[in-house]
>>> print(open('query.txt').read())   # compact mmCIF, C-alpha atoms
# COMPACT_ATOMS: atom_id res chain seq x y z
CA MET V 409 126.51 115.81 319.84
CA LEU V 410 125.64 114.18 316.53
CA LEU V 411 127.56 110.99 315.89
CA ALA V 412 128.58 109.77 312.46
CA SER V 413 125.62 108.91 310.29
CA ALA V 414 125.40 105.90 308.02
CA SER V 415 125.92 108.15 305.01
CA GLN V 416 129.42 108.99 306.29
CA THR V 417 130.57 105.38 305.98
CA PRO V 418 131.01 103.36 302.75
CA SER V 419 127.84 101.94 301.26
CA CYS V 420 127.05 98.37 302.35
CA SER V 421 126.21 97.58 298.72
CA SER V 422 129.74 98.41 297.65
CA THR V 423 130.93 95.19 299.29
CA ARG V 424 129.81 93.37 296.15
CA ARG V 425 132.67 95.03 294.28
CA LEU V 426 135.34 94.06 296.75
CA ALA V 427 137.07 90.76 296.33
CA ALA V 428 139.45 90.69 299.24
CA SER V 429 137.93 89.08 302.31
CA THR V 430 139.75 91.48 304.62
CA LEU V 431 138.18 94.45 302.93
CA LEU V 432 134.78 92.77 303.07
CA ALA V 433 135.12 92.26 306.78
CA ALA V 434 136.31 95.81 307.39
CA LEU V 435 133.47 97.28 305.37
CA ALA V 436 130.91 95.14 307.15
CA VAL V 437 132.13 96.50 310.47
CA ALA V 438 132.03 100.06 309.16
CA CYS V 439 128.47 99.63 307.90
CA THR V 440 127.38 98.19 311.23
CA LEU V 441 128.97 101.00 313.18
CA GLY V 442 127.50 103.60 310.86
CA THR V 443 124.01 102.23 311.47
CA ALA V 444 124.52 102.04 315.23
CA GLN V 445 125.86 105.58 315.38
CA ALA V 446 123.13 107.24 313.37
CA GLN V 447 121.48 108.59 316.55
CA ASP V 448 122.50 111.40 318.83
CA SER V 449 124.10 110.21 322.05
CA LEU V 450 122.31 111.36 325.17
CA ASP V 451 124.75 109.56 327.46
CA ALA V 452 126.42 112.67 328.88
CA MET V 453 123.12 114.49 329.49
CA VAL V 454 121.42 111.48 331.06
CA LYS V 455 124.41 110.70 333.26
CA ALA V 456 124.64 114.30 334.49
CA ASP V 457 120.91 114.47 335.29
CA ALA V 458 121.05 111.13 337.10
CA GLU V 459 124.03 112.15 339.20
CA GLN V 460 122.47 115.50 340.12
CA ALA V 461 119.22 113.79 341.13
CA GLY V 462 120.95 111.05 343.10
CA PHE V 463 119.67 108.25 340.86
CA PRO V 464 121.85 105.15 340.47
CA ALA V 465 121.00 105.03 336.74
CA MET V 466 118.76 106.57 334.11
CA ALA V 467 118.00 106.06 330.41
CA ALA V 468 116.12 108.02 327.75
CA ALA V 469 115.32 107.78 324.05
CA VAL V 470 113.40 109.61 321.32
CA VAL V 471 111.70 108.11 318.26
CA VAL V 472 110.20 110.28 315.50
CA LYS V 473 108.39 108.84 312.48
CA GLY V 474 109.61 105.38 313.39
CA LYS V 475 113.30 106.36 313.58
CA LEU V 476 115.41 106.36 316.73
CA LEU V 477 116.84 109.88 316.83
CA ALA V 478 118.54 109.87 320.22
CA VAL V 479 119.32 107.43 323.01
CA GLY V 480 121.33 107.58 326.20
CA THR V 481 122.07 105.82 329.44
CA GLY V 482 124.12 106.85 332.42
CA GLY V 483 125.02 105.75 335.94
CA THR V 484 125.61 102.36 337.50
CA ARG V 485 123.63 99.16 337.76
CA ARG V 486 124.05 99.02 341.53
CA VAL V 487 124.53 101.89 343.96
CA GLY V 488 127.97 101.98 345.53
CA THR V 489 129.57 100.24 342.56
CA VAL V 490 130.83 101.29 339.15
CA ILE V 491 129.05 99.07 336.62
CA PRO V 492 128.46 101.21 333.52
CA LEU V 493 125.23 100.77 331.58
CA THR V 494 124.75 99.92 327.93
CA HIS V 495 121.87 100.96 325.69
CA ASN V 496 120.64 97.36 325.85
CA ASP V 497 120.38 97.25 329.64
CA ARG V 498 116.92 96.22 330.84
CA PHE V 499 114.81 98.56 332.98
CA HIS V 500 111.48 97.74 334.64
CA ILE V 501 108.46 99.47 333.07
CA GLY V 502 105.81 98.69 335.70
CA SER V 503 102.30 99.84 334.81
CA ASP V 504 103.38 100.83 331.31
CA THR V 505 102.71 97.13 330.72
CA LYS V 506 98.98 97.92 330.93
CA ALA V 507 99.00 99.35 327.41
CA MET V 508 100.34 96.04 326.13
CA THR V 509 97.59 94.14 327.94
CA SER V 510 95.06 96.47 326.31
CA LEU V 511 96.62 95.82 322.91
CA MET V 512 96.27 92.07 323.43
CA ALA V 513 92.64 92.57 324.41
CA ALA V 514 92.15 94.52 321.18
CA MET V 515 93.61 91.60 319.22
CA MET V 516 91.08 89.27 320.84
CA VAL V 517 88.28 91.68 319.96
CA GLU V 518 89.37 91.87 316.32
CA ALA V 519 89.61 88.06 316.24
CA GLY V 520 86.01 87.82 317.46
CA LYS V 521 87.01 86.10 320.69
CA LEU V 522 85.99 89.07 322.86
CA ARG V 523 83.90 92.21 322.50
CA TRP V 524 84.64 95.53 324.13
CA ASP V 525 81.41 95.04 326.08
CA SER V 526 82.10 91.40 327.02
CA THR V 527 81.22 90.88 330.68
CA PHE V 528 82.50 88.68 333.48
CA GLU V 529 79.28 86.68 333.23
CA GLN V 530 79.81 86.00 329.52
CA VAL V 531 83.50 85.11 329.74
CA PHE V 532 83.19 83.03 332.91
CA PRO V 533 79.64 81.58 332.65
CA GLU V 534 80.44 78.75 335.06
CA LEU V 535 80.83 81.34 337.84
CA ALA V 536 77.67 83.29 337.03
CA ALA V 537 75.47 81.69 339.71
CA GLY V 538 77.65 83.02 342.51
CA MET V 539 78.49 86.40 340.98
CA ASP V 540 77.50 89.67 342.58
CA ALA V 541 74.82 91.37 340.48
CA GLY V 542 77.02 94.41 339.82
CA VAL V 543 80.07 92.33 338.93
CA LYS V 544 78.05 90.46 336.29
CA ARG V 545 77.75 93.71 334.33
CA VAL V 546 81.44 94.71 334.40
CA THR V 547 82.80 94.94 330.84
CA LEU V 548 86.23 94.55 329.29
CA THR V 549 86.32 98.27 328.43
CA GLN V 550 85.55 99.18 332.02
CA LEU V 551 88.37 96.97 333.30
CA LEU V 552 90.85 98.52 330.85
CA SER V 553 89.75 102.10 331.63
CA HIS V 554 89.67 101.67 335.44
CA THR V 555 85.93 102.29 335.52
CA SER V 556 84.82 98.77 336.49
CA GLY V 557 83.82 99.66 340.03
CA LEU V 558 86.56 97.41 341.42
CA PRO V 559 88.53 99.13 344.16
CA SER V 560 91.99 100.62 343.88
CA ASP V 561 94.76 98.74 345.65
CA ASP V 562 93.67 98.39 349.28
CA ALA V 563 94.08 96.07 352.27
CA ASP V 564 91.70 93.52 350.76
CA PHE V 565 93.82 93.43 347.60
CA GLY V 566 96.92 92.86 349.71
CA GLU V 567 95.25 89.96 351.50
CA LEU V 568 94.16 88.47 348.17
CA LEU V 569 97.75 88.58 346.89
CA ALA V 570 99.02 86.92 350.07
CA LYS V 571 96.53 84.08 349.65
CA VAL V 572 96.99 83.58 345.92
CA ALA V 573 100.67 82.80 346.45
CA LEU V 574 99.56 79.64 348.26
CA GLN V 575 97.37 78.44 345.40
CA PRO V 576 98.63 75.59 343.18
CA GLY V 577 99.14 75.68 339.45
CA ASN V 578 100.52 78.12 336.93
CA LEU V 579 100.05 81.88 337.00
CA ASN V 580 96.95 81.65 334.81
CA ASP V 581 95.49 79.14 337.28
CA GLN V 582 96.16 81.56 340.11
CA ARG V 583 94.55 84.42 338.17
CA TYR V 584 91.47 82.30 337.66
CA TRP V 585 91.41 81.69 341.41
CA MET V 586 91.54 85.48 341.87
CA VAL V 587 88.57 85.82 339.53
CA GLN V 588 86.66 83.26 341.57
CA GLN V 589 87.35 85.19 344.78
CA THR V 590 86.60 88.60 343.28
CA VAL V 591 83.33 88.06 341.43
CA THR V 592 81.40 87.09 344.56
CA LYS V 593 82.07 90.39 346.33
CA PRO V 594 80.15 93.63 345.77
CA LEU V 595 81.82 96.41 343.83
CA ALA V 596 83.14 99.56 345.43
CA ARG V 597 81.06 101.69 343.05
CA GLU V 598 78.65 101.41 340.12
CA PRO V 599 80.32 100.05 336.94
CA GLY V 600 81.20 102.85 334.55
CA ALA V 601 80.42 105.60 337.05
CA SER V 602 83.91 106.86 337.86
CA PHE V 603 87.66 106.29 337.61
CA ALA V 604 89.57 104.28 340.23
CA TYR V 605 93.03 103.01 339.30
CA SER V 606 92.87 99.25 339.83
CA ASN V 607 95.68 96.75 339.38
CA LEU V 608 93.13 94.12 340.34
CA GLY V 609 91.01 95.20 337.37
CA TYR V 610 93.90 94.71 334.94
CA THR V 611 94.67 91.32 336.46
CA MET V 612 91.05 90.36 335.84
CA ALA V 613 91.31 91.63 332.26
CA GLY V 614 94.39 89.46 331.87
CA ALA V 615 92.36 86.46 333.04
CA MET V 616 89.71 87.24 330.40
CA ILE V 617 92.41 87.32 327.71
CA GLU V 618 93.80 84.02 328.97
CA ARG V 619 90.38 82.38 328.87
CA VAL V 620 89.72 83.24 325.22
CA GLY V 621 93.37 83.12 324.11
CA GLU V 622 93.77 79.63 325.58
CA LYS V 623 97.29 80.42 326.81
CA SER V 624 98.76 82.22 329.79
CA TRP V 625 99.14 85.98 329.62
CA GLU V 626 102.91 85.49 329.72
CA GLU V 627 102.86 83.25 326.64
CA LEU V 628 100.51 85.60 324.84
CA ILE V 629 102.54 88.74 325.40
CA TYR V 630 105.60 87.07 323.91
CA ASP V 631 103.59 85.70 320.98
CA ARG V 632 101.50 88.81 320.33
CA VAL V 633 103.69 91.78 321.37
CA PHE V 634 107.34 91.14 322.21
CA THR V 635 108.15 88.88 319.25
CA PRO V 636 106.34 90.68 316.39
CA LEU V 637 107.68 94.06 317.55
CA LYS V 638 111.18 92.55 317.90
CA LEU V 639 111.52 93.68 321.51
CA THR V 640 114.40 91.29 322.03
CA THR V 641 115.29 92.49 325.54
CA ALA V 642 111.71 92.31 326.83
CA GLY V 643 110.75 89.98 329.63
CA ILE V 644 108.56 89.60 332.71
CA GLY V 645 109.48 90.17 336.34
CA PRO V 646 112.69 91.59 337.87
CA GLN V 647 114.99 92.96 335.19
CA ALA V 648 118.12 91.36 336.65
CA THR V 649 118.76 87.63 336.63
CA LEU V 650 118.75 85.95 340.03
CA GLY V 651 122.28 86.09 341.42
CA ARG V 652 123.62 88.37 338.72
CA ILE V 653 123.96 92.11 338.21
CA ASP V 654 123.21 91.93 334.50
CA ALA V 655 120.78 94.86 334.52
CA PRO V 656 120.23 98.05 336.56
CA LEU V 657 118.88 96.79 339.89
CA GLY V 658 115.84 98.46 341.40
CA HIS V 659 116.50 100.47 344.57
CA VAL V 660 114.59 101.34 347.73
CA VAL V 661 115.37 103.82 350.48
CA VAL V 662 116.27 102.26 353.84
CA ASP V 663 117.26 104.54 356.74
CA GLY V 664 117.80 107.37 354.31
CA LYS V 665 120.13 105.40 352.05
CA LEU V 666 119.59 103.62 348.75
CA LYS V 667 119.52 99.83 348.92
CA ALA V 668 119.82 97.72 345.76
CA MET V 669 117.29 94.90 345.33
CA ILE V 670 118.93 91.94 343.64
CA GLY V 671 116.84 89.70 341.39
CA GLY V 672 114.32 87.63 343.34
CA PRO V 673 110.75 87.64 344.69
CA GLU V 674 111.22 90.92 346.58
CA ALA V 675 112.62 92.68 343.52
CA ASP V 676 109.19 93.05 341.91
CA ASN V 677 105.48 92.85 342.51
CA PRO V 678 103.88 89.37 342.54
CA LEU V 679 103.96 87.89 339.03
CA VAL V 680 100.28 87.02 339.24
CA ILE V 681 99.49 90.70 338.58
CA SER V 682 101.76 90.86 335.53
CA PRO V 683 98.92 92.06 333.25
CA ALA V 684 98.91 95.19 335.42
CA GLY V 685 102.64 95.73 335.23
CA THR V 686 105.77 93.58 335.55
CA ALA V 687 107.41 93.86 332.13
CA HIS V 688 110.99 95.00 331.58
CA MET V 689 113.04 95.92 328.50
CA SER V 690 115.82 98.16 327.25
CA VAL V 691 115.31 101.85 326.62
CA ILE V 692 115.63 101.22 322.87
CA ASP V 693 112.95 98.53 322.89
CA PHE V 694 110.70 100.72 325.04
CA ALA V 695 111.13 103.57 322.56
CA THR V 696 110.44 101.15 319.70
CA TRP V 697 107.13 100.25 321.34
CA GLY V 698 106.27 103.93 321.79
CA GLY V 699 107.24 104.80 318.23
CA TRP V 700 105.07 101.98 316.89
CA MET V 701 102.09 103.26 318.88
CA ALA V 702 102.74 106.83 317.71
CA GLY V 703 102.37 105.70 314.09
CA LEU V 704 98.79 104.48 314.69
CA GLY V 705 99.10 101.69 312.17
CA LYS V 706 101.39 103.39 309.63
CA ARG V 707 104.18 100.87 310.10
CA ALA V 708 104.57 97.12 310.43
CA PRO V 709 103.88 94.94 312.23
CA PHE V 710 100.18 95.45 311.61
CA LEU V 711 98.88 93.79 314.76
CA VAL V 712 95.51 95.55 314.83
CA LYS V 713 93.64 97.96 312.57
CA PRO V 714 94.61 101.67 312.68
CA GLU V 715 91.17 102.55 314.05
CA THR V 716 91.70 100.06 316.87
CA MET V 717 95.08 101.60 317.74
CA LYS V 718 93.38 104.99 317.86
CA LYS V 719 90.67 103.58 320.14
CA LEU V 720 93.31 102.44 322.63
CA ILE V 721 94.47 106.03 323.21
CA THR V 722 91.05 107.70 322.91
CA PRO V 723 89.93 108.90 326.37
CA VAL V 724 87.08 107.01 328.04
CA VAL V 725 86.80 108.78 331.38
CA SER V 726 87.74 112.09 332.96
CA MET V 727 90.20 111.87 335.83
CA SER V 728 89.67 115.40 337.07
CA ALA V 729 87.77 114.27 340.16
CA ALA V 730 89.67 111.01 340.70
CA SER V 731 90.91 110.54 344.24
CA THR V 732 92.30 107.08 343.65
CA SER V 733 94.62 107.60 340.69
CA SER V 734 98.07 106.06 340.83
CA THR V 735 101.09 108.35 340.97
CA THR V 736 102.05 106.86 337.61
CA VAL V 737 99.15 108.70 335.96
CA ALA V 738 98.93 111.64 338.35
CA GLY V 739 98.16 114.84 336.51
CA ALA V 740 96.40 113.08 333.65
CA ALA V 741 93.26 114.77 332.41
CA GLN V 742 91.63 111.62 331.07
CA TYR V 743 92.21 107.88 330.83
CA ALA V 744 91.81 105.68 327.76
CA LEU V 745 92.61 101.93 327.56
CA GLY V 746 96.00 101.52 329.19
CA TRP V 747 96.97 105.10 328.38
CA GLY V 748 96.49 108.39 330.17
CA SER V 749 95.91 111.63 328.29
CA THR V 750 97.54 114.84 329.41
CA LYS V 751 98.95 118.18 328.30
CA MET V 752 102.50 118.54 329.56
CA ALA V 753 104.13 121.87 330.31
CA TRP V 754 106.13 121.37 327.13
CA THR V 755 103.33 120.26 324.77
CA ASP V 756 100.73 122.36 322.99
CA TYR V 757 98.01 119.71 323.14
CA LEU V 758 97.04 116.46 324.84
CA VAL V 759 99.37 113.51 324.33
CA ALA V 760 99.07 109.88 325.40
CA PHE V 761 101.29 108.92 328.29
CA HIS V 762 101.74 106.53 331.17
CA GLY V 763 104.09 105.91 334.05
CA GLY V 764 105.09 102.69 335.68
CA SER V 765 106.65 101.84 339.03
CA ASN V 766 107.00 98.92 341.42
CA ASN V 767 108.38 101.37 344.02
CA MET V 768 111.92 100.30 343.09
CA ASN V 769 112.00 101.57 339.51
CA LYS V 770 110.19 104.18 337.42
CA ALA V 771 109.49 104.50 333.71
CA TYR V 772 107.57 107.08 331.68
CA ILE V 773 106.40 107.06 328.10
CA TRP V 774 104.87 109.89 326.06
CA VAL V 775 103.27 109.27 322.66
CA ASP V 776 102.49 112.20 320.36
CA THR V 777 100.44 110.88 317.46
CA GLN V 778 100.16 114.30 315.79
CA ARG V 779 103.92 114.46 315.34
CA ASP V 780 104.35 110.66 315.17
CA ALA V 781 106.84 110.73 318.02
CA ALA V 782 107.56 109.05 321.33
CA ILE V 783 109.82 109.81 324.29
CA VAL V 784 110.74 107.38 327.04
CA VAL V 785 112.64 107.95 330.29
CA MET V 786 113.54 105.16 332.75
CA THR V 787 115.34 104.94 336.08
CA ASN V 788 116.07 102.28 338.70
CA VAL V 789 114.75 104.10 341.75
CA ALA V 790 111.41 105.61 342.81
CA THR V 791 112.18 108.47 345.19
CA PRO V 792 109.95 111.55 345.55
CA ASN V 793 111.97 113.53 342.99
CA THR V 794 111.85 110.98 340.18
CA ASP V 795 108.74 112.40 338.49
CA ASP V 796 110.09 115.94 338.34
CA VAL V 797 113.53 114.93 337.09
CA MET V 798 112.21 112.53 334.44
CA GLN V 799 109.55 114.90 333.16
CA LYS V 800 112.01 117.79 332.88
CA LEU V 801 114.37 115.59 330.88
CA ALA V 802 111.50 114.57 328.62
CA GLY V 803 110.66 118.24 328.12
CA LYS V 804 114.20 118.99 326.98
CA LEU V 805 114.10 116.10 324.55
CA TYR V 806 110.69 117.10 323.21
CA GLY V 807 111.94 120.60 322.48
CA SER V 808 115.18 119.41 320.90
CA TYR V 809 113.89 116.55 318.76
CA VAL V 810 110.11 116.39 318.45
CA LYS V 811 109.17 120.03 317.92
CA THR V 812 112.02 120.55 315.47
CA ALA V 813 111.49 117.35 313.47
CA LYS V 814 110.49 117.74 309.83
>>> encode(input="query.txt", output="structure tokens")
Amino acid sequence: MLLASASQTPSCSSTRRLAASTLLAALAVACTLGTAQAQDSLDAMVKADAEQAGFPAMAAAVVVKGKLLAVGTGGTRRVGTVIPLTHNDRFHIGSDTKAMTSLMAAMMVEAGKLRWDSTFEQVFPELAAGMDAGVKRVTLTQLLSHTSGLPSDDADFGELLAKVALQPGNLNDQRYWMVQQTVTKPLAREPGASFAYSNLGYTMAGAMIERVGEKSWEELIYDRVFTPLKLTTAGIGPQATLGRIDAPLGHVVVDGKLKAMIGGPEADNPLVISPAGTAHMSVIDFATWGGWMAGLGKRAPFLVKPETMKKLITPVVSMSAASTSSTTVAGAAQYALGWGSTKMAWTDYLVAFHGGSNNMNKAYIWVDTQRDAAIVVMTNVATPNTDDVMQKLAGKLYGSYVKTAK
């Protein structure tokens, strides 16, 4: 159902002709409401789909040519309670954070602080003497495209995360410690030879960015991405504040029942791997990010050159034979730099996409640069049916808003 558009309310400029302060105030409210209501509400649709699927909550939004056409949320922040959502509620985006890490890497390349072919040996020369010969040749592009030869998440990665939590210092200090531990070990495969989805690889890329950016990854993502794009709800780690239910909590299944995970260490992956995926934000901010990417440099802020934005979504490696791809990019034909590339059942050509999950939440983003459009769908659970439900909803929205857009 189409809500009132801004054109149906008095013009904001007409306030100059009104002398009475009461009329000024009333008109200001009307103008604000008109702007806020210029999108279709998806609340009823999203709520119905969430309830049918058994999700505590879900959110979705569509941006075309930089304009938010539709947005909706539905459900509750915590299973077993009735805490309605708002469009500003924060959801976890998991590995969709990888595209933001890749963007920051691109900024460092354009600034001359990194090259796409910069290696571990070049960025961390003090560690070169003890580096494995194969690791020395691993490049930034290979880390960002999951072709570095580093393994996918395995038992060794789990042990590394357990040990890093005991290391002193800030998160960037701990990432550097992870680099020190990683570069001495042989790779799982030849660099550049094949795709293997690696959260370790993205953590290492984050450490490279920190080295040349001279700040922690967390500081840099606020400075370079969240703030210029005005993603005011964006943050790092669990989406809910410790001790509060101020966002949709992530949920796990325990003994066949959903259990809410309140804010805290167990409500997200270890923060040391944040470059691989611990960001959160509202559905509107997530759609804003997607819409900005879809424009490929057409709209401010102009953080990198248009050709660089195109490079980020240009496939690097085929995933057709990949046996180690994450479920968040399952079905992708190819992988670029923080983005998968796939043809959905409801698209006529390949589009950029990614999924993100910490096994308590799930978020998907699709970016269609040909139609300058983006669709995002988010939920606070990661059960086996989440992919199907979220992708079907995205298909409905693509048909209703993207294919019909002029």
>>> atom_distance(input="query.txt", atom1="atom CA of V:Ala740", atom2="atom CA of V:Asp776")
14.6 Å
>>> closest_atom_pairs(input="query.txt", of="stretch 579-657 of chain V", to="stretch 675-684 of chain V", cutoff="7 Å", atoms="only C-alpha atoms", output="JSON lines")
{"residue": "V:Leu579", "atom": "CA", "partner": "V:Val680", "partner_atom": "CA", "distance": 5.6}
{"residue": "V:Gln582", "atom": "CA", "partner": "V:Val680", "partner_atom": "CA", "distance": 6.9}
{"residue": "V:Arg583", "atom": "CA", "partner": "V:Val680", "partner_atom": "CA", "distance": 6.4}
{"residue": "V:Asn607", "atom": "CA", "partner": "V:Ala684", "partner_atom": "CA", "distance": 5.3}
{"residue": "V:Tyr610", "atom": "CA", "partner": "V:Ala684", "partner_atom": "CA", "distance": 5.1}
{"residue": "V:Thr611", "atom": "CA", "partner": "V:Ile681", "partner_atom": "CA", "distance": 5.3}
{"residue": "V:Gly614", "atom": "CA", "partner": "V:Pro683", "partner_atom": "CA", "distance": 5.4}
{"residue": "V:Gly645", "atom": "CA", "partner": "V:Asp676", "partner_atom": "CA", "distance": 6.3}
{"residue": "V:Pro646", "atom": "CA", "partner": "V:Asp676", "partner_atom": "CA", "distance": 5.5}
>>> residues_around(input="query.txt", residues="V:Asp693", least_positions_apart="2", cutoff="10 Å", atoms="all atoms listed in the file", output="JSON list (two decimals) with C-alpha atoms, in the coordinates of the input")
[["chain", "number", "residue", "atom", "x", "y", "z"],
["V", 469, "ALA", "CA", 115.32, 107.78, 324.05],
["V", 495, "HIS", "CA", 121.87, 100.96, 325.69],
["V", 496, "ASN", "CA", 120.64, 97.36, 325.85],
["V", 498, "ARG", "CA", 116.92, 96.22, 330.84],
["V", 634, "PHE", "CA", 107.34, 91.14, 322.21],
["V", 637, "LEU", "CA", 107.68, 94.06, 317.55],
["V", 638, "LYS", "CA", 111.18, 92.55, 317.90],
["V", 639, "LEU", "CA", 111.52, 93.68, 321.51],
["V", 640, "THR", "CA", 114.40, 91.29, 322.03],
["V", 641, "THR", "CA", 115.29, 92.49, 325.54],
["V", 642, "ALA", "CA", 111.71, 92.31, 326.83],
["V", 688, "HIS", "CA", 110.99, 95.00, 331.58],
["V", 689, "MET", "CA", 113.04, 95.92, 328.50],
["V", 690, "SER", "CA", 115.82, 98.16, 327.25],
["V", 691, "VAL", "CA", 115.31, 101.85, 326.62],
["V", 695, "ALA", "CA", 111.13, 103.57, 322.56],
["V", 696, "THR", "CA", 110.44, 101.15, 319.70],
["V", 697, "TRP", "CA", 107.13, 100.25, 321.34],
["V", 698, "GLY", "CA", 106.27, 103.93, 321.79],
["V", 699, "GLY", "CA", 107.24, 104.80, 318.23]]
>>> residues_around(input="query.txt", residues="V:Gly658", least_positions_apart="5", cutoff="12 Å", atoms="all atoms listed in the file", output="JSON, numbers by chain")
{"V": [463, 464, 465, 466, 484, 485, 486, 487, 498, 499, 500, 501, 502, 645, 646, 647, 648, 653, 666, 667, 668, 669, 670, 671, 672, 674, 675, 676, 677, 688, 765, 766, 767, 768, 769, 770, 771, 786, 787, 788, 789, 790, 791]}
>>> write_last_selection(input="query.txt", atoms="C-alpha atoms", output="compact mmCIF listing (two decimals), in the frame of the given file")
# COMPACT_ATOMS: atom_id res chain seq x y z
CA PHE V 463 119.67 108.25 340.86
CA PRO V 464 121.85 105.15 340.47
CA ALA V 465 121.00 105.03 336.74
CA MET V 466 118.76 106.57 334.11
CA THR V 484 125.61 102.36 337.50
CA ARG V 485 123.63 99.16 337.76
CA ARG V 486 124.05 99.02 341.53
CA VAL V 487 124.53 101.89 343.96
CA ARG V 498 116.92 96.22 330.84
CA PHE V 499 114.81 98.56 332.98
CA HIS V 500 111.48 97.74 334.64
CA ILE V 501 108.46 99.47 333.07
CA GLY V 502 105.81 98.69 335.70
CA GLY V 645 109.48 90.17 336.34
CA PRO V 646 112.69 91.59 337.87
CA GLN V 647 114.99 92.96 335.19
CA ALA V 648 118.12 91.36 336.65
CA ILE V 653 123.96 92.11 338.21
CA LEU V 666 119.59 103.62 348.75
CA LYS V 667 119.52 99.83 348.92
CA ALA V 668 119.82 97.72 345.76
CA MET V 669 117.29 94.90 345.33
CA ILE V 670 118.93 91.94 343.64
CA GLY V 671 116.84 89.70 341.39
CA GLY V 672 114.32 87.63 343.34
CA GLU V 674 111.22 90.92 346.58
CA ALA V 675 112.62 92.68 343.52
CA ASP V 676 109.19 93.05 341.91
CA ASN V 677 105.48 92.85 342.51
CA HIS V 688 110.99 95.00 331.58
CA SER V 765 106.65 101.84 339.03
CA ASN V 766 107.00 98.92 341.42
CA ASN V 767 108.38 101.37 344.02
CA MET V 768 111.92 100.30 343.09
CA ASN V 769 112.00 101.57 339.51
CA LYS V 770 110.19 104.18 337.42
CA ALA V 771 109.49 104.50 333.71
CA MET V 786 113.54 105.16 332.75
CA THR V 787 115.34 104.94 336.08
CA ASN V 788 116.07 102.28 338.70
CA VAL V 789 114.75 104.10 341.75
CA ALA V 790 111.41 105.61 342.81
CA THR V 791 112.18 108.47 345.19
>>> axis_aligned_box(input="query.txt", around="stretch 675-684 of chain V", padding_each_side="3 Å", output="AutoDock Vina command-line options")
--center_x 105.8 --center_y 91.1 --center_z 338.4 --size_x 19.7 --size_y 14.2 --size_z 16.3
>>> atom_distance(input="query.txt", atom1="atom CA of V:Thr750", atom2="atom CA of V:Ser606")
19.3 Å
>>> closest_residue(input="query.txt", among="V:Ala541, V:Val797, V:Ile629, V:Leu720", to="V:Ile617", atoms="all atoms listed in the file")
V:Ile629
>>> closest_residue(input="query.txt", among="V:Gln575, V:Arg597, V:Leu801, V:Gln589", to="V:Lys455", atoms="only C-alpha atoms")
V:Leu801
>>> closest_residue(input="query.txt", among="V:Val662, V:Ile783, V:Leu535, V:Leu608", to="V:Lys800", atoms="all atoms listed in the file")
V:Ile783
>>> atom_distance(input="query.txt", atom1="atom CA of V:Thr635", atom2="atom CA of V:Glu518")
19.2 Å
>>> residues_around(input="query.txt", residues="V:Ala813", least_positions_apart="6", cutoff="10 Å", atoms="all atoms listed in the file", output="list of chain:residue names")
V:Val472, V:Lys473, V:Leu477, V:Arg779, V:Asp780, V:Ala781, V:Tyr806, V:Gly807
>>> closest_residue(input="query.txt", among="V:Lys814, V:His762, V:Lys521, V:His554", to="V:Met616", atoms="only C-alpha atoms")
V:Lys521
>>> residues_near_point(input="query.txt", point="(102.5, 89.4, 315.5)", cutoff="6 Å", atoms="all atoms listed in the file", output="short mmCIF file (atom, residue, chain, number, x, y, z; two decimals) with C-alpha atoms, in the frame of the given file")
data_model
loop_
_atom_site.label_atom_id
_atom_site.label_comp_id
_atom_site.auth_asym_id
_atom_site.auth_seq_id
_atom_site.Cartn_x
_atom_site.Cartn_y
_atom_site.Cartn_z
CA ARG V 632 101.50 88.81 320.33
CA PRO V 636 106.34 90.68 316.39
CA LEU V 711 98.88 93.79 314.76
#
>>> residues_around(input="query.txt", residues="V:Ser749", least_positions_apart="5", cutoff="9 Å", atoms="only C-alpha atoms", output="number ranges by chain")
V: 721-723, 737, 740-744, 758-762
>>> closest_residue(input="query.txt", among="V:Gly462, V:Gly685, V:Gly664, V:Gly542", to="V:Ile644", atoms="only C-alpha atoms")
V:Gly685
>>> decode(input="query.txt", residues="stretch 586-605 of chain V", atoms="C-alpha atoms", output="compact mmCIF listing (two decimals), in the first residue's frame")
# COMPACT_ATOMS: atom_id res chain seq x y z
CA MET V 586 47.30 -13.56 14.41
CA VAL V 587 49.41 -12.45 11.45
CA GLN V 588 52.55 -13.50 13.29
CA GLN V 589 51.10 -16.95 13.99
CA THR V 590 49.70 -17.42 10.49
CA VAL V 591 52.58 -16.41 8.23
CA THR V 592 54.91 -19.12 9.53
CA LYS V 593 52.61 -21.97 8.53
CA PRO V 594 52.33 -23.46 5.03
CA LEU V 595 49.26 -22.67 2.98
CA ALA V 596 46.50 -25.16 2.32
CA ARG V 597 46.86 -24.62 -1.44
CA GLU V 598 48.82 -22.60 -3.99
CA PRO V 599 48.01 -18.85 -3.86
CA GLY V 600 45.55 -17.88 -6.57
CA ALA V 601 44.81 -21.47 -7.56
CA SER V 602 41.26 -21.87 -6.23
CA PHE V 603 38.48 -20.45 -4.06
CA ALA V 604 38.22 -21.29 -0.35
CA TYR V 605 36.03 -19.05 1.81
